[in-house]
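Content type compact mmCIF, C-alpha atoms, from the file protein19.txt:
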```
# COMPACT_ATOMS: atom_id res chain seq x y z
CA MET A 28 49.51 -59.64 9.08
CA ALA A 29 47.79 -61.43 11.96
CA HIS A 30 45.32 -59.64 14.23
CA TYR A 31 45.06 -60.12 18.00
CA SER A 32 43.24 -58.49 20.89
CA PHE A 33 44.74 -57.96 24.32
CA VAL A 34 42.21 -57.60 27.12
CA VAL A 35 43.38 -56.20 30.46
CA PHE A 36 41.15 -56.19 33.56
CA THR A 37 41.98 -53.61 36.24
CA LYS A 38 40.78 -51.72 39.26
CA PRO A 39 42.16 -48.74 41.13
CA VAL A 40 43.47 -48.73 44.67
CA PRO A 41 40.43 -47.86 46.86
CA GLY A 42 39.70 -44.14 46.92
CA ARG A 43 41.95 -43.31 43.96
CA ASP A 44 39.52 -43.72 41.05
CA GLU A 45 39.98 -40.22 39.64
CA GLU A 46 43.78 -40.44 39.71
CA PHE A 47 43.67 -43.96 38.24
CA ASN A 48 41.47 -42.91 35.31
CA ALA A 49 43.55 -39.79 34.60
CA TRP A 50 46.76 -41.84 34.59
CA TYR A 51 45.31 -44.68 32.51
CA ASN A 52 43.69 -42.43 29.89
CA GLY A 53 46.39 -39.76 29.74
CA THR A 54 49.58 -41.76 30.22
CA HIS A 55 49.19 -45.53 30.07
CA LEU A 56 47.01 -45.89 26.96
CA PRO A 57 49.25 -43.60 24.86
CA ASP A 58 52.37 -45.40 26.16
CA MET A 59 50.92 -48.80 25.25
CA LEU A 60 50.28 -47.59 21.71
CA LYS A 61 53.98 -46.76 21.32
CA ILE A 62 54.75 -50.49 21.38
CA GLU A 63 55.22 -51.72 17.84
CA GLY A 64 52.19 -53.80 16.82
CA PHE A 65 49.71 -52.09 19.16
CA LYS A 66 47.32 -50.23 16.85
CA GLU A 67 44.38 -49.18 19.01
CA GLY A 68 43.30 -49.12 22.63
CA GLN A 69 40.01 -48.38 24.34
CA ARG A 70 38.89 -48.53 27.98
CA PHE A 71 35.57 -49.65 29.42
CA LYS A 72 33.89 -49.48 32.83
CA ILE A 73 32.36 -52.77 33.94
CA LEU A 74 28.72 -52.39 34.94
CA ARG A 75 27.77 -53.79 38.34
CA GLY A 76 24.49 -55.40 39.30
CA VAL A 77 23.76 -56.57 35.76
CA PRO A 78 23.33 -60.33 35.22
CA PRO A 79 24.90 -62.74 34.55
CA LEU A 80 28.10 -61.53 36.28
CA GLU A 81 26.71 -59.11 38.83
CA SER A 82 29.82 -58.53 40.95
CA PRO A 83 33.02 -58.92 38.94
CA SER A 84 36.24 -58.34 40.88
CA TRP A 85 37.47 -55.77 38.34
CA GLU A 86 36.07 -52.32 37.68
CA TYR A 87 37.55 -51.58 34.26
CA PHE A 88 39.00 -53.28 31.24
CA ALA A 89 41.08 -52.10 28.33
CA LEU A 90 40.90 -53.63 24.89
CA TYR A 91 43.94 -53.30 22.63
CA GLN A 92 44.12 -54.26 18.96
CA ILE A 93 47.44 -55.69 17.81
CA GLU A 94 48.63 -56.36 14.25
CA THR A 95 51.82 -58.37 13.87
CA ASP A 96 53.39 -61.44 12.35
CA ASP A 97 55.42 -61.96 15.55
CA ILE A 98 53.10 -61.79 18.57
CA ALA A 99 55.79 -63.27 20.84
CA ALA A 100 58.09 -60.32 20.06
CA VAL A 101 55.30 -57.80 20.69
CA MET A 102 54.44 -59.34 24.06
CA LYS A 103 58.14 -59.56 24.97
CA SER A 104 58.46 -55.85 24.22
CA LEU A 105 55.47 -55.14 26.45
CA LYS A 106 56.94 -57.22 29.29
CA THR A 107 60.37 -55.58 28.89
CA ARG A 108 58.94 -52.04 28.96
CA LEU A 109 56.40 -52.54 31.75
CA GLY A 110 57.45 -50.62 34.85
CA THR A 111 60.21 -48.67 33.05
CA ALA A 112 60.28 -45.03 31.94
CA ASP A 113 58.82 -46.20 28.59
CA LEU A 114 55.77 -47.77 30.26
CA PRO A 115 55.60 -46.61 33.89
CA LEU A 116 53.07 -48.03 36.30
CA SER A 117 51.23 -45.86 38.78
CA ASP A 118 50.76 -46.79 42.43
CA CYS A 119 47.04 -46.03 41.98
CA ILE A 120 46.50 -49.33 40.11
CA ASP A 121 45.67 -52.38 42.23
CA LEU A 122 48.33 -54.78 40.92
CA LYS A 123 46.96 -57.68 42.97
CA ASN A 124 43.77 -57.57 40.90
CA LEU A 125 45.34 -57.02 37.47
CA ASN A 126 44.75 -59.66 34.83
CA GLY A 127 45.16 -59.81 31.08
CA PHE A 128 44.51 -62.16 28.21
CA LEU A 129 45.82 -62.28 24.66
CA VAL A 130 43.13 -63.54 22.30
CA GLU A 131 42.89 -64.40 18.63
CA ALA A 132 39.64 -64.44 16.67
CA VAL A 133 38.47 -67.88 15.58
CA ALA A 134 35.67 -66.59 13.35
CA GLU A 135 34.66 -63.46 11.50
CA PRO A 136 32.24 -61.12 13.30
CA VAL A 137 28.55 -61.97 12.97
CA LYS A 138 26.17 -59.00 12.75
CA ALA A 139 22.50 -58.91 13.67
CA LYS A 140 20.10 -58.82 10.77
CA ALA A 141 18.23 -55.56 10.35
```

Produce structure tokens that represent the structure in this file.
Amino acid sequence: MAHYSFVVFTKPVPGRDEEFNAWYNGTHLPDMLKIEGFKEGQRFKILRGVPPLESPSWEYFALYQIETDDIAAVMKSLKTRLGTADLPLSDCIDLKNLNGFLVEAVAEPVKAKA
């Protein structure tokens, strides 16, 4: 089975951070993991004022782990469900600044030597 990562960069509508985080953590992440092939999801807050990218346009990103032999079918399922009752979107997410990338590892992880 092939392994992929799906990285999604987001930000809330101004002034709706708390609502955005509650929706994303409590609704959206669990809904994403109902899509066949999606095995794990985790969210991160992007730090500001830290070089080299001191002012990214996004505030958060989610990292999903996908296992499948048919990534096209998994992504089609995601696209089909997005915005439906199976995968509703909230109006607290800034859709103009939403971006995502599907990536595939090209090498095994390298760990620092102790």

Distance in Å - atom CA of Ala134 of chain A versus atom CA of Pro79 of chain A =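 According to the coordinates, atom CA of Ala134 of chain A and atom CA of Pro79 of chain A are separated by 24.1 Å.
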
With distances taken over only C-alpha atoms, the candidate from A:Val35, A:Ala29, A:Leu56, A:Leu109 nearest Asn126 of chain A is A:Val35

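Here atom CA of Ser104 of chain A stands at a distance of 7.1 Å from atom CA of Ile62 of chain A.
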
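Across the structure, atom CA of Phe88 of chain A and atom CA of Pro136 of chain A are spaced 20.7 Å apart.
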
Across A:Ala112, A:Ala132, A:Val137, A:Leu125, the smallest distance to Trp85 of chain A, with only C-alpha atoms counted, is shown by A:Leu125

Rank nothing, just name the residue among A:Met102, A:Val77, A:Leu122, A:Leu129 nearest to Thr37 of chain A, using all atoms listed in the file.
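Closest candidate: A:Leu122.
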
Quiz item: Closest to Tyr87 of chain A among A:Arg70, A:Ala100, A:Phe47, A:Gly53, using all atoms listed in the file?
Solution: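 Going through A:Arg70, A:Ala100, A:Phe47, A:Gly53 one by one, the smallest distance to Tyr87 of chain A is for A:Arg70.
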
request  = Tell me which protein, DNA and RNA residues are within 9 Å of Glu94 of chain A, counting all atoms listed in the file, leaving out same-chain ones fewer than 5 positions away, and put them as a count of residues only.
outcome  = 9

query: Nearest to Asp58 of chain A among A:Arg75, A:Asn124, A:Gly110, A:Val133, with distances taken over all atoms listed in the file: which residue is it?
result: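 Closest to Asp58 of chain A, using all atoms listed in the file: A:Gly110.
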
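Closest approach to Phe36 of chain A among A:Pro115, A:Gly68, A:Pro83, A:Gly127: A:Gly127, based on all atoms listed in the file.
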
Grab all the atoms of segment 117-136 of chain A that the file lists, wrap them in a box along x, y and z, add 6 Å per side, and give me centre plus edge lengths in Å (one decimal) as JSON.
```
{"center_x": 41.7, "center_y": -56.9, "center_z": 27.2, "size_x": 31.0, "size_y": 34.0, "size_z": 43.5}
```

* To do: For a cut-off of 6 Å around (44.8, -56.3, 23.9), file coordinates, pick out all residues using all atoms listed in the file and list them as JSON, numbers by chain.
  => {"A": [32, 33, 34, 90, 91, 92]}

Requested in this report: Might you pull out every residue within 12 Å of Leu114 of chain A, with only C-alpha atoms counted and same-chain residues fewer than 3 positions away left off, and present them as a list in words?
Outcome: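 My list of contacting residues is Trp50, Tyr51, Thr54, His55, Leu56, Pro57, Asp58, Met59, Leu60, Lys61, Ile62, Ser104, Leu105, Lys106, Thr107, Arg108, Leu109, Gly110, Thr111 and Ser117 of chain A.
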
Protein and nucleic acid residues near (32.0, -48.4, 33.3) (cut-off 6 Å, all atoms listed in the file) as a ChimeraX atom specification:
/A:71-74
